[in-house]
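Participant: You'll find work_4.txt just under this line, and it carries compact mmCIF, C-alpha atoms.
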# COMPACT_ATOMS: atom_id res chain seq x y z
CA MET A 1 -0.75 -53.21 19.50
CA PRO A 2 -3.37 -50.51 20.20
CA ASP A 3 -2.26 -46.92 20.64
CA PRO A 4 -2.13 -46.25 24.41
CA VAL A 5 -3.32 -42.67 23.91
CA GLU A 6 -6.36 -42.51 21.69
CA ALA A 7 -6.49 -39.23 19.79
CA ALA A 8 -9.50 -37.02 20.50
CA PRO A 9 -11.82 -36.36 17.55
CA GLN A 10 -10.90 -33.27 15.54
CA ILE A 11 -13.19 -30.27 15.47
CA ARG A 12 -13.01 -27.21 13.25
CA PHE A 13 -13.14 -23.67 14.55
CA CYS A 14 -12.25 -20.11 13.54
CA GLY A 15 -8.73 -18.98 14.46
CA HIS A 16 -10.05 -15.56 15.46
CA CYS A 17 -13.58 -15.77 16.88
CA GLY A 18 -13.19 -19.41 17.99
CA GLN A 19 -16.67 -20.38 16.76
CA THR A 20 -17.45 -23.64 15.02
CA PRO A 21 -18.58 -23.14 11.41
CA PRO A 22 -22.39 -23.31 11.33
CA THR A 23 -22.69 -25.59 8.28
CA ALA A 24 -20.68 -28.32 6.61
CA LEU A 25 -20.12 -26.00 3.64
CA ALA A 26 -18.81 -23.25 5.91
CA ALA A 27 -16.52 -25.77 7.60
CA ARG A 28 -14.88 -26.52 4.25
CA SER A 29 -14.30 -22.82 3.58
CA ARG A 30 -10.83 -21.50 4.40
CA VAL A 31 -12.08 -18.23 5.89
CA CYS A 32 -14.58 -18.07 8.76
CA SER A 33 -18.02 -17.28 7.40
CA LEU A 34 -19.11 -15.78 10.74
CA CYS A 35 -16.47 -13.15 11.49
CA GLY A 36 -14.44 -13.15 8.25
CA LEU A 37 -11.27 -12.35 10.23
CA GLY A 38 -9.95 -15.85 10.91
CA VAL A 39 -8.94 -19.00 9.09
CA VAL A 40 -10.88 -22.18 9.85
CA ILE A 41 -8.50 -24.71 11.43
CA SER A 42 -8.77 -28.05 13.22
CA ALA A 43 -7.64 -29.24 16.64
CA GLY A 44 -8.48 -32.08 18.96
CA GLU A 45 -11.73 -31.77 20.87
CA ASP A 46 -9.83 -31.81 24.18
CA LEU A 47 -7.66 -28.92 23.04
CA ALA A 48 -9.96 -26.70 20.95
CA PRO A 49 -11.08 -23.47 22.64
CA ARG A 50 -14.40 -23.48 24.47
CA LYS A 51 -16.73 -20.53 24.51
CA GLY A 52 -15.07 -17.44 25.98
CA GLU A 53 -11.54 -18.90 26.08
CA SER A 54 -8.67 -16.90 24.68
CA PHE A 55 -6.15 -18.62 22.43
CA ILE A 56 -3.00 -18.10 20.42
CA ILE A 57 -1.87 -19.89 17.26
CA ILE A 58 1.81 -20.23 16.48
CA ASP A 59 3.63 -21.71 13.50
CA ARG A 60 6.42 -24.26 13.33
CA GLN A 61 9.03 -21.58 13.93
CA LEU A 62 7.25 -20.74 17.19
CA LYS A 63 6.24 -17.37 15.81
CA LEU A 64 2.81 -15.98 16.46
CA CYS A 65 0.33 -16.41 13.61
CA GLY A 66 -3.04 -15.61 15.06
CA LEU A 67 -4.76 -14.32 18.18
CA SER A 68 -8.33 -14.59 19.32
CA ARG A 69 -10.14 -11.40 20.28
CA GLY A 70 -9.76 -12.35 23.95
CA ALA A 71 -6.02 -12.93 23.56
CA GLU A 72 -5.68 -9.52 21.93
CA ARG A 73 -7.18 -8.03 25.10
CA VAL A 74 -5.17 -10.21 27.49
CA LEU A 75 -1.85 -9.48 25.78
CA GLU A 76 -2.78 -5.89 24.90
CA VAL A 77 -1.74 -6.25 21.27
CA ASP A 78 -3.54 -6.27 17.92
CA GLU A 79 -3.12 -9.35 15.77
CA PRO A 80 -1.71 -7.48 12.73
CA ASN A 81 1.03 -6.01 14.96
CA ALA A 82 1.82 -9.30 16.64
CA VAL A 83 2.23 -11.72 13.75
CA HIS A 84 5.71 -13.09 13.04
CA ARG A 85 6.92 -12.25 16.55
CA HIS A 86 8.30 -15.02 18.73
CA ILE A 87 5.96 -16.55 21.29
CA CYS A 88 8.41 -15.69 24.08
CA ASP A 89 7.68 -12.01 23.39
CA PHE A 90 4.17 -12.67 24.70
CA LEU A 91 4.26 -15.58 27.13
CA GLU A 92 6.71 -16.86 29.72
CA PRO A 93 6.60 -19.81 32.08
CA ALA A 94 4.91 -18.75 35.31
CA ASP A 95 7.67 -20.43 37.26
CA ALA A 96 10.34 -17.75 37.62
CA GLU A 97 13.02 -20.41 37.90
CA ALA A 98 12.08 -22.06 34.64
CA GLY A 99 14.61 -20.01 32.66
CA GLN A 100 14.17 -17.72 29.66
CA GLY A 101 11.16 -19.46 28.24
CA ASP A 102 13.06 -22.68 27.55
CA GLU A 103 10.55 -24.76 29.45
CA LEU A 104 7.68 -23.13 27.60
CA LEU A 105 9.25 -23.79 24.20
CA GLN A 106 10.09 -27.35 25.13
CA GLY A 107 6.52 -27.86 26.36
CA ILE A 108 5.02 -26.47 23.15
CA ILE A 109 7.21 -28.61 20.92
CA THR A 110 6.54 -31.75 22.92
CA ALA A 111 2.78 -31.15 23.01
CA SER A 112 2.70 -30.47 19.26
CA PHE A 113 4.16 -33.84 18.48
CA THR A 114 2.47 -35.92 21.16
CA ALA A 115 -0.74 -35.34 23.15
CA PRO A 116 -1.97 -31.93 24.40
CA ARG A 117 -0.62 -30.90 27.78
CA THR A 118 -1.16 -28.09 30.23
CA LEU A 119 1.50 -25.54 31.14
CA VAL A 120 1.27 -22.65 33.56
CA VAL A 121 2.27 -19.37 31.89
CA ARG A 122 2.05 -15.62 32.39
CA PRO A 123 2.15 -12.67 29.99
CA ALA A 124 5.78 -11.67 29.32
CA GLY A 125 6.98 -9.15 31.85
CA GLU A 126 3.81 -9.41 33.94
CA TYR A 127 3.73 -10.80 37.46
CA GLY A 128 0.72 -11.88 39.44
CA VAL A 129 -1.25 -13.05 36.38
CA ARG A 130 -1.15 -16.72 35.58
CA PHE A 131 -2.87 -18.87 33.01
CA ALA A 132 -3.26 -22.58 32.63
CA ALA A 133 -2.37 -23.03 28.96
CA ARG A 134 -3.59 -26.10 27.08
CA VAL A 135 -1.05 -26.65 24.33
CA GLY A 136 -1.26 -29.00 21.36
CA ALA A 137 -1.15 -29.36 17.60
CA CYS A 138 -3.50 -27.59 15.19
CA GLY A 139 -3.72 -27.01 11.47
CA PRO A 140 -3.55 -27.23 8.54
CA PRO A 141 -0.81 -26.15 8.01
CA ALA A 142 0.86 -27.67 11.06
CA GLY A 143 1.10 -25.32 14.00
CA ALA A 144 0.48 -25.18 17.72
CA LEU A 145 -2.55 -23.93 19.60
CA ILE A 146 -2.27 -22.40 23.07
CA VAL A 147 -5.59 -22.01 24.87
CA LEU A 148 -5.45 -19.79 27.94
CA SER A 149 -7.68 -20.31 30.96
CA THR A 150 -7.38 -18.50 34.25
CA VAL A 151 -5.82 -20.46 37.10
CA MET B 1 -3.10 -5.37 -15.80
CA ARG B 2 -6.19 -7.38 -14.97
CA THR B 3 -8.48 -5.89 -12.34
CA LEU B 4 -11.40 -7.42 -10.47
CA LYS B 5 -14.53 -5.87 -9.08
CA THR B 6 -15.26 -6.42 -5.39
CA SER B 7 -17.71 -9.25 -6.08
CA GLU B 8 -15.26 -10.95 -8.45
CA ALA B 9 -12.36 -10.65 -6.00
CA ALA B 10 -14.57 -11.98 -3.21
CA ALA B 11 -15.54 -14.95 -5.37
CA VAL B 12 -11.87 -15.78 -6.08
CA LEU B 13 -11.17 -15.79 -2.34
CA ASN B 14 -14.46 -17.51 -1.48
CA VAL B 15 -15.42 -14.78 0.98
CA SER B 16 -18.16 -12.17 1.03
CA PRO B 17 -17.57 -8.63 -0.33
CA ASN B 18 -18.10 -7.35 3.23
CA THR B 19 -15.23 -9.55 4.44
CA LEU B 20 -12.97 -8.10 1.77
CA ARG B 21 -13.83 -4.58 2.87
CA ALA B 22 -13.29 -5.59 6.53
CA TRP B 23 -9.79 -6.83 5.63
CA GLU B 24 -9.04 -3.54 3.94
CA ARG B 25 -10.05 -1.67 7.13
CA ARG B 26 -8.25 -3.99 9.56
CA PHE B 27 -5.16 -5.03 7.63
CA GLY B 28 -4.91 -2.43 4.87
CA TYR B 29 -4.77 -5.25 2.32
CA PRO B 30 -5.75 -5.97 -0.41
CA LYS B 31 -5.52 -2.32 -1.36
CA PRO B 32 -7.90 -1.53 -4.22
CA GLN B 33 -7.70 1.26 -6.74
CA ARG B 34 -10.83 3.20 -7.58
CA SER B 35 -12.65 3.20 -10.89
CA PRO B 36 -13.80 6.53 -12.38
CA GLY B 37 -17.13 5.77 -10.67
CA LYS B 38 -15.26 5.37 -7.33
CA HIS B 39 -15.84 1.61 -7.17
CA ARG B 40 -13.11 -0.65 -5.78
CA LEU B 41 -10.89 -2.35 -8.35
CA TYR B 42 -8.54 -5.08 -7.08
CA THR B 43 -5.49 -6.20 -9.02
CA HIS B 44 -5.77 -9.84 -9.96
CA GLY B 45 -2.17 -10.51 -8.93
CA GLU B 46 -2.74 -9.33 -5.36
CA ILE B 47 -5.91 -11.37 -5.01
CA ALA B 48 -4.22 -14.46 -6.47
CA ALA B 49 -1.25 -14.02 -4.11
CA LEU B 50 -3.65 -13.74 -1.17
CA ARG B 51 -5.64 -16.80 -2.26
CA ASP B 52 -2.44 -18.88 -2.34
CA ALA B 53 -1.23 -17.45 0.96
CA LEU B 54 -4.54 -18.26 2.66
CA GLN B 55 -4.04 -21.93 1.86
CA GLU B 56 -0.64 -21.86 3.56
CA GLY B 57 -1.41 -19.53 6.47
CA LEU B 58 -2.79 -20.20 9.92
CA SER B 59 -4.45 -16.80 10.12
CA ILE B 60 -5.58 -13.95 7.89
CA SER B 61 -2.80 -11.75 9.29
CA SER B 62 -0.05 -14.21 8.43
CA ALA B 63 -1.56 -14.90 4.99
CA ILE B 64 -1.68 -11.18 4.25
CA SER B 65 1.86 -10.77 5.48
CA ARG B 66 2.94 -13.59 3.16
CA ALA B 67 1.01 -12.13 0.21
CA ARG B 68 2.57 -8.72 0.85
CA GLU B 69 6.03 -10.28 0.83
CA SER B 70 5.42 -12.01 -2.47
CA VAL B 71 4.20 -8.76 -4.00
CA ALA B 72 7.17 -6.83 -2.50
CA ALA B 73 9.57 -9.29 -4.11
CA ASP B 74 9.48 -7.19 -7.31
CA THR B 75 11.40 -4.40 -5.58
CA HIS B 76 14.16 -6.83 -4.59
CA VAL B 77 14.34 -8.13 -8.17
CA LEU B 78 14.57 -4.62 -9.61
CA VAL B 79 17.20 -3.51 -7.10
CA GLY B 80 19.18 -6.67 -7.88
CA ALA B 81 18.98 -6.05 -11.63
CA LEU B 82 19.99 -2.39 -11.34
CA ALA B 83 22.78 -3.18 -8.90
CA ALA B 84 24.11 -5.73 -11.40
CA PHE B 85 23.73 -3.20 -14.28
CA GLU B 86 21.42 -5.62 -16.09
CA LEU B 87 18.93 -3.23 -17.65
CA GLU B 88 17.03 -5.86 -19.61
CA ARG B 89 16.40 -7.71 -16.37
CA ALA B 90 15.26 -4.40 -14.87
CA ASP B 91 12.74 -4.05 -17.73
CA ALA B 92 11.55 -7.59 -17.00
CA ALA B 93 11.19 -6.77 -13.29
CA MET B 94 8.96 -3.81 -14.14
CA GLU B 95 6.93 -6.03 -16.48
CA GLY B 96 6.45 -8.38 -13.53
CA ALA B 97 5.43 -5.47 -11.33
CA LEU B 98 2.90 -4.32 -13.91
CA ALA B 99 1.28 -7.74 -13.86
CA LEU B 100 0.32 -7.14 -10.23
CA ARG B 101 -0.24 -3.40 -10.08
CA SER B 102 -1.31 -0.34 -12.00
CA VAL B 103 1.36 1.78 -13.68
CA GLU B 104 1.07 4.38 -10.92
CA ARG B 105 1.51 1.83 -8.14
CA SER B 106 4.37 0.13 -10.00
CA VAL B 107 6.16 3.45 -10.09
CA GLU B 108 5.31 4.31 -6.48
CA GLU B 109 5.87 0.90 -4.92
CA VAL B 110 8.61 -0.62 -7.08
CA LEU B 111 10.50 1.84 -9.27
CA LEU B 112 10.95 4.77 -6.89
CA PRO B 113 11.79 2.67 -3.79
CA SER B 114 14.28 0.67 -5.85
CA MET B 115 15.95 3.87 -7.05
CA GLU B 116 16.06 5.12 -3.46
CA GLU B 117 17.79 1.90 -2.49
CA ILE B 118 20.34 2.32 -5.30
CA GLY B 119 20.90 5.92 -4.21
CA ASP B 120 21.43 4.85 -0.60
CA ARG B 121 23.87 2.13 -1.61
CA HIS B 122 26.02 4.05 -4.07
CA GLY B 123 25.18 7.72 -3.58
CA THR B 124 23.40 9.90 -6.13
CA ASP B 125 26.71 11.18 -7.54
CA SER B 126 27.85 7.71 -8.58
CA ALA B 127 28.00 5.95 -11.94
CA PRO B 128 25.65 3.13 -10.82
CA TRP B 129 23.07 5.75 -9.84
CA ALA B 130 23.53 7.58 -13.17
CA LEU B 131 23.01 4.33 -15.10
CA ALA B 132 19.95 3.40 -13.06
CA ALA B 133 18.52 6.94 -13.22
CA ARG B 134 18.90 7.04 -17.01
CA TRP B 135 17.17 3.67 -17.29
CA ALA B 136 14.37 4.81 -14.95
CA CYS B 137 13.83 8.06 -16.90
CA GLU B 138 13.68 6.11 -20.15
CA TRP B 139 11.23 3.63 -18.64
CA LEU B 140 9.00 6.44 -17.39
CA GLY B 141 9.19 8.09 -20.82
CA ARG B 142 8.16 4.83 -22.51
CA ALA B 143 5.28 4.41 -20.08
CA GLN B 144 4.14 7.98 -20.77
CA ARG B 145 4.19 7.42 -24.51
CA LEU B 146 1.91 4.42 -23.98
CA SER B 147 -0.51 6.45 -21.85
CA PRO B 148 -3.90 7.26 -23.36
CA PRO B 149 -3.99 10.64 -25.10
CA PRO B 150 -5.16 13.56 -22.94
CA GLU B 151 -8.89 14.20 -22.81
CA ARG B 152 -10.32 17.70 -23.07
CA ARG B 153 -9.23 18.39 -19.51
CA PRO B 154 -7.10 21.45 -18.85
CA ALA B 155 -3.34 21.50 -19.00
CA VAL B 156 -0.81 21.54 -16.18
CA LEU B 157 2.39 23.50 -16.70
CA LEU B 158 5.35 21.92 -14.95
CA GLY B 159 8.31 24.20 -14.37
CA ASP B 160 11.42 22.07 -14.25
CA ALA B 161 13.68 23.42 -11.50
CA THR B 162 15.53 20.13 -11.08
CA GLY B 163 19.20 19.60 -11.80
CA ASP B 164 20.72 17.15 -14.22
CA LEU B 165 19.97 13.45 -14.59
CA LEU B 166 21.71 12.72 -11.32
CA ASP B 167 19.18 14.79 -9.39
CA PRO B 168 16.68 12.40 -7.72
CA ASP B 169 14.02 15.12 -8.05
CA ALA B 170 14.35 14.90 -11.84
CA LEU B 171 13.19 11.30 -11.61
CA ALA B 172 10.31 12.30 -9.34
CA LEU B 173 9.30 14.96 -11.87
CA ARG B 174 9.24 12.36 -14.68
CA ALA B 175 7.07 10.18 -12.42
CA LEU B 176 4.75 13.13 -11.75
CA GLU B 177 4.48 13.83 -15.51
CA LEU B 178 3.48 10.21 -16.06
CA CYS B 179 0.95 10.12 -13.22
CA VAL B 180 -0.61 13.44 -14.23
CA SER B 181 -0.86 12.52 -17.91
CA ARG B 182 -2.50 9.20 -17.00
CA THR B 183 -5.28 11.10 -15.26
CA GLY B 184 -6.18 12.66 -18.61
CA LEU B 185 -4.65 16.06 -17.93
CA ARG B 186 -2.30 17.53 -20.51
CA THR B 187 1.17 18.24 -19.16
CA ILE B 188 3.78 20.59 -20.54
CA THR B 189 7.19 20.63 -18.92
CA LEU B 190 9.41 23.66 -19.47
CA PRO B 191 12.77 24.48 -17.90
CA ILE B 192 12.77 27.29 -15.40
CA ASN B 193 15.75 28.96 -17.07
CA GLY B 194 14.16 29.12 -20.54
CA LEU B 195 12.45 32.51 -20.59
CA ALA B 196 12.65 33.41 -24.26
CA GLY B 197 9.34 32.74 -26.01
CA LEU B 198 7.75 31.46 -22.80
CA GLY B 199 4.70 33.69 -23.23
CA ASP B 200 3.90 32.23 -26.67
CA VAL B 201 3.99 28.65 -25.38
CA VAL B 202 1.91 29.46 -22.30
CA SER B 203 -0.69 31.34 -24.36
CA SER B 204 -0.93 28.42 -26.74
CA TYR B 205 -1.57 25.78 -24.06
CA GLU B 206 -3.60 27.90 -21.63
CA PRO B 207 -2.57 25.98 -18.52
CA ARG B 208 -4.90 26.01 -15.50
CA VAL B 209 -2.32 25.09 -12.87
CA VAL B 210 1.42 25.71 -12.60
CA VAL B 211 3.76 23.43 -10.69
CA ILE B 212 7.36 24.26 -9.92
CA ALA B 213 9.25 21.04 -9.37
CA GLY B 214 12.70 20.56 -7.90
CA GLY B 215 14.98 22.60 -5.73
CA GLU B 216 18.09 23.10 -7.86
CA GLU B 217 17.25 26.47 -9.42
CA GLN B 218 17.58 29.69 -7.41
CA ASP B 219 14.47 31.34 -5.98
CA ASP B 220 15.11 34.47 -8.08
CA ASP B 221 15.12 32.45 -11.30
CA VAL B 222 11.96 30.63 -10.26
CA ALA B 223 10.25 33.91 -9.37
CA ARG B 224 11.24 35.43 -12.74
CA TRP B 225 9.84 32.42 -14.59
CA ALA B 226 6.61 32.42 -12.58
CA TYR B 227 6.19 36.15 -13.23
CA ARG B 228 6.51 35.59 -16.98
CA VAL B 229 3.96 32.76 -16.83
CA ARG B 230 1.46 34.84 -14.89
CA ALA B 231 2.01 37.78 -17.20
CA SER B 232 0.92 35.57 -20.11
CA ALA B 233 -1.75 33.38 -18.52
CA GLY B 234 -3.06 35.41 -15.60
CA ALA B 235 -3.04 34.67 -11.88
CA LEU B 236 -2.82 30.89 -12.06
CA PRO B 237 -2.38 28.85 -8.90
CA VAL B 238 1.27 27.97 -8.42
CA LEU B 239 2.15 24.81 -6.55
CA LEU B 240 5.51 23.46 -5.46
CA PHE B 241 6.65 19.87 -5.86
CA ARG B 242 9.79 18.60 -4.15
CA ARG B 243 10.98 22.13 -3.47
CA ALA B 244 12.47 22.88 -0.05
CA GLY B 245 10.04 23.75 2.74
CA GLY B 246 6.63 22.34 3.51
CA GLY B 247 3.11 23.66 3.83
CA ARG B 248 2.81 27.12 2.28
CA SER B 249 5.70 29.18 0.96
CA ARG B 250 6.21 32.35 3.03
CA THR B 251 7.05 34.62 0.12
CA THR B 252 4.71 33.55 -2.68
CA GLY B 253 1.94 31.80 -0.78
CA ALA B 254 2.39 28.79 -3.08
CA ARG B 255 1.17 25.46 -1.70
CA HIS B 256 3.33 22.37 -1.61
CA LEU B 257 2.09 19.23 -3.33
CA ALA B 258 2.56 15.83 -1.68
CA GLY B 259 6.00 14.33 -2.23
CA SER B 260 4.49 11.18 -3.72
CA PRO B 261 3.87 11.55 -7.49
CA THR B 262 0.56 9.66 -7.35
CA LEU B 263 -0.77 11.74 -4.47
CA ALA B 264 0.46 14.95 -6.09
CA ALA B 265 -1.25 13.96 -9.36
CA ARG B 266 -4.50 13.34 -7.46
CA GLN B 267 -4.22 16.78 -5.82
CA LEU B 268 -3.71 18.38 -9.22
CA VAL B 269 -6.74 16.61 -10.67
CA GLU B 270 -8.89 17.81 -7.77
CA LEU B 271 -7.62 21.34 -8.22
CA ALA B 272 -8.09 21.28 -11.99
CA ASP B 273 -11.58 19.73 -11.68
CA ALA B 274 -12.57 22.32 -9.09
CA GLY B 275 -11.32 24.99 -11.48
CA VAL B 276 -13.32 23.55 -14.38
CA ARG B 277 -16.47 23.41 -12.26
CA HIS B 278 -15.90 27.00 -11.24
CA VAL B 279 -15.54 28.07 -14.88
CA VAL B 280 -18.60 26.08 -15.99
CA GLU B 281 -20.71 27.66 -13.22
CA GLU B 282 -19.46 31.06 -14.27
CA GLU B 283 -20.44 30.40 -17.91
CA LEU B 284 -23.91 29.14 -16.91
CA LEU B 285 -24.53 32.27 -14.88
CA GLU B 286 -23.53 34.44 -17.82
CA PHE B 287 -25.94 32.55 -20.10
CA ASP B 288 -28.84 32.87 -17.66
CA ASP B 289 -28.30 36.55 -17.19
CA GLY B 290 -27.68 37.66 -20.73
CA GLY B 291 -29.36 35.04 -22.87
CA VAL B 292 -26.82 35.78 -25.60
CA SER B 293 -23.48 34.07 -25.56
CA SER B 294 -20.55 36.34 -25.65
CA ALA B 295 -16.98 35.55 -26.59
CA PRO B 296 -15.54 33.23 -23.94
CA ARG B 297 -13.61 35.11 -21.34
CA ARG B 298 -10.11 34.13 -20.46
CA ARG B 299 -10.56 31.39 -17.89
CA ARG B 300 -8.63 32.05 -14.78
CA LEU B 301 -8.23 30.27 -11.52
CA THR B 302 -7.40 31.74 -8.20
CA ALA B 303 -5.10 30.05 -5.73
Could you spell out this file's structure in structure tokens?
Facilitator:
Amino acid sequence: MPDPVEAAPQIRFCGHCGQTPPTALAARSRVCSLCGLGVVISAGEDLAPRKGESFIIIDRQLKLCGLSRGAERVLEVDEPNAVHRHICDFLEPADAEAGQGDELLQGIITASFTAPRTLVVRPAGEYGVRFAARVGACGPPAGALIVLSTV
Amino acid sequence: MRTLKTSEAAAVLNVSPNTLRAWERRFGYPKPQRSPGKHRLYTHGEIAALRDALQEGLSISSAISRARESVAADTHVLVGALAAFELERADAAMEGALALRSVERSVEEVLLPSMEEIGDRHGTDSAPWALAARWACEWLGRAQRLSPPPERRPAVLLGDATGDLLDPDALALRALELCVSRTGLRTITLPINGLAGLGDVVSSYEPRVVVIAGGEEQDDDVARWAYRVRASAGALPVLLFRRAGGGRSRTTGARHLAGSPTLAARQLVELADAGVRHVVEEELLEFDDGGVSSAPRRRRLTA
């Protein structure tokens, strides 16, 4: 029986500058050859960040691993100071009635194991700013990618 | 300990040397030492830990955090060994630390923090502290015996104003002795309360800098000792290490060295080198003016 949801082709990009490695050799390298400040990871084409989009990478424990330059500006935090902190310290569901981030966590976990999905979030403790967050799996190693676009 | 040049470290990590320097600026890791020519020297262990962590990390930050944790594990091992009174295991922990770091960094990042942890847990008037402090002093003594012999650089006179073995400053003084001697400077440590024959020893070694370390001895005793030293060797600069107060002493004008033995050793080297340059310049001027060399004057430094 064919898979009802066909997986999008995987593309490789830098976990900090978001750019695609310029050559096949650079794509096999672990560290981005363009900015040198991010690890080259893979995600589905429908999930991977497009030019100018901010994104966040989290690990299996839902702790923050990496931030794009744009996400550093949006969340007003530097990546070295943000790693190993829980994602709920940075993002909350935009729906105030969604509870203490439970819906966000549930959405991330579900999207990481199935197909990417879109959630509406806001920076923790901020009101009036909302993002449409595309969430899905990335890696290796296995983690989740959250791409933020303005609503 | 195996060290790598920037290009070698970059090759191990499959990044450019510029990337490695960018990581040092942004993340403070890997933290290189400097060669005598001021070039970066990376410890192989740190680079290897980072290479492994990069394979398992989703970002440079998390890989560096993981590599730091694996390097910091030595402190936990040493604290565990000392807390269990297993001194052979403590020796092994320091051997492990030396595989990843220089002697100076092993002392600064593993031995001294571990001793601080033991002191916090049991108190510095306890038997576990005494056992650990004795082991640490012996280890530092062994490391100093294995240090290269002093070059022709000038000597540093260390006045020991610390208490007994239980005094944490005594351990810091041993660490300072080690760090200073590894820079090539000769060190002589004399107790503050031993005045008899002090002039003969000081005249024999001709120290260029005097350091008074520890805060156990009374100011009067320290002043008496410093007076005797200056009476024999002239107006040498006197610096304080781990003695109460910071900045500059109100009464003597003596400067305080950094509390960290490695930083304090670096300050002493700079001071001694500056003194040597000053003396060499003085000698050159004398030669140019007179054309005939006279008996070398007593070399003195001013604070």
Participant: With a cut-off of 10 Å and counting only C-alpha atoms, select all residues of chain B in contact with chain A and give the selection as number ranges by chain.
Facilitator: B: 13-16, 18-20, 22-23, 26-28, 51, 54-65
Participant: Take the residues just selected and output them with C-alpha atoms as a CSV table (one decimal), in the coordinates of the input.
Facilitator:
chain,number,residue,atom,x,y,z
B,13,LEU,CA,-11.2,-15.8,-2.3
B,14,ASN,CA,-14.5,-17.5,-1.5
B,15,VAL,CA,-15.4,-14.8,1.0
B,16,SER,CA,-18.2,-12.2,1.0
B,18,ASN,CA,-18.1,-7.4,3.2
B,19,THR,CA,-15.2,-9.6,4.4
B,20,LEU,CA,-13.0,-8.1,1.8
B,22,ALA,CA,-13.3,-5.6,6.5
B,23,TRP,CA,-9.8,-6.8,5.6
B,26,ARG,CA,-8.2,-4.0,9.6
B,27,PHE,CA,-5.2,-5.0,7.6
B,28,GLY,CA,-4.9,-2.4,4.9
B,51,ARG,CA,-5.6,-16.8,-2.3
B,54,LEU,CA,-4.5,-18.3,2.7
B,55,GLN,CA,-4.0,-21.9,1.9
B,56,GLU,CA,-0.6,-21.9,3.6
B,57,GLY,CA,-1.4,-19.5,6.5
B,58,LEU,CA,-2.8,-20.2,9.9
B,59,SER,CA,-4.4,-16.8,10.1
B,60,ILE,CA,-5.6,-14.0,7.9
B,61,SER,CA,-2.8,-11.8,9.3
B,62,SER,CA,0.0,-14.2,8.4
B,63,ALA,CA,-1.6,-14.9,5.0
B,64,ILE,CA,-1.7,-11.2,4.2
B,65,SER,CA,1.9,-10.8,5.5
Participant: For the atom pair CA of Ala231 (chain B) and CA of Gly259 (chain B), what is the interatomic distance in Å to one decimal place?
Facilitator: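 Computed distance, CA of Ala231 (chain B) to CA of Gly259 (chain B), equals 28.1 Å.
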Participant: Give me the residues within 10 Å of Glu126 (chain A) as a list in words, counting all atoms listed in the file and dropping any in the same chain fewer than 5 places off.
Facilitator: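 Skipping anything fewer than 5 positions along the chain leaves Leu75, Phe90, Leu91, Glu92 and Ala94 of chain A.
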Participant: Would you please work out which residue, of B:Pro150, B:Ala92, B:Ser102, B:His256, is nearest to Pro32 (chain B) when using all atoms listed in the file?
Facilitator: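 Of the candidates, the smallest distance to Pro32 (chain B) is held by B:Ser102.
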Participant: Can you tell me, as a list of chain:residue names, what residues are no more than 9 Å from Lys31 (chain B) when counting all atoms listed in the file, ignoring any on the same chain fewer than 6 positions away?
Facilitator: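 Final neighbour list, sorted by chain and number: B:Glu24, B:Arg40, B:Leu41, B:Tyr42, B:Thr43, B:Glu46.
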Participant: Using all atoms listed in the file, determine which residues lie at most 12 Å from Ala258 (chain B), disregarding the query and same-chain residues fewer than 4 positions distant; provide the list as a PDB file with C-alpha atoms, in the coordinates of the input.
Facilitator:
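Output saved as out09.pdb:
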ATOM      1  CA  ALA B 172      10.310  12.300  -9.340  1.00  0.00           C
ATOM      2  CA  LEU B 176       4.750  13.130 -11.750  1.00  0.00           C
ATOM      3  CA  VAL B 211       3.760  23.430 -10.690  1.00  0.00           C
ATOM      4  CA  ALA B 213       9.250  21.040  -9.370  1.00  0.00           C
ATOM      5  CA  LEU B 239       2.150  24.810  -6.550  1.00  0.00           C
ATOM      6  CA  LEU B 240       5.510  23.460  -5.460  1.00  0.00           C
ATOM      7  CA  PHE B 241       6.650  19.870  -5.860  1.00  0.00           C
ATOM      8  CA  ARG B 242       9.790  18.600  -4.150  1.00  0.00           C
ATOM      9  CA  ARG B 243      10.980  22.130  -3.470  1.00  0.00           C
ATOM     10  CA  GLY B 245      10.040  23.750   2.740  1.00  0.00           C
ATOM     11  CA  GLY B 246       6.630  22.340   3.510  1.00  0.00           C
ATOM     12  CA  GLY B 247       3.110  23.660   3.830  1.00  0.00           C
ATOM     13  CA  ARG B 248       2.810  27.120   2.280  1.00  0.00           C
ATOM     14  CA  THR B 262       0.560   9.660  -7.350  1.00  0.00           C
ATOM     15  CA  LEU B 263      -0.770  11.740  -4.470  1.00  0.00           C
ATOM     16  CA  ALA B 264       0.460  14.950  -6.090  1.00  0.00           C
ATOM     17  CA  ALA B 265      -1.250  13.960  -9.360  1.00  0.00           C
ATOM     18  CA  ARG B 266      -4.500  13.340  -7.460  1.00  0.00           C
ATOM     19  CA  GLN B 267      -4.220  16.780  -5.820  1.00  0.00           C
ATOM     20  CA  LEU B 268      -3.710  18.380  -9.220  1.00  0.00           C
TER      21      LEU B 268
END
Participant: Which residue, A:Leu62, A:Phe113, A:Ile56, A:Ala8, has the smallest gap to Val77 (chain A) when you use all atoms listed in the file?
Facilitator: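 Ranked by minimum distance to Val77 (chain A), first place goes to A:Ile56.
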Participant: Name the residues in contact with Met115 (chain B) at a cut-off of 8 Å, using all atoms listed in the file, excluding same-chain residues fewer than 4 positions from it; report them as a PyMOL selection string.
Facilitator: chain B and resi 79+111+119+129+132-133
Participant: Considering only C-alpha atoms, state which residue in the set A:Ile109, A:Pro93, A:Gly18, A:Arg85 is at the smallest distance from Gly52 (chain A).
Facilitator: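 Looking only at the distances to Gly52 (chain A), the closest residue turns out to be A:Gly18.
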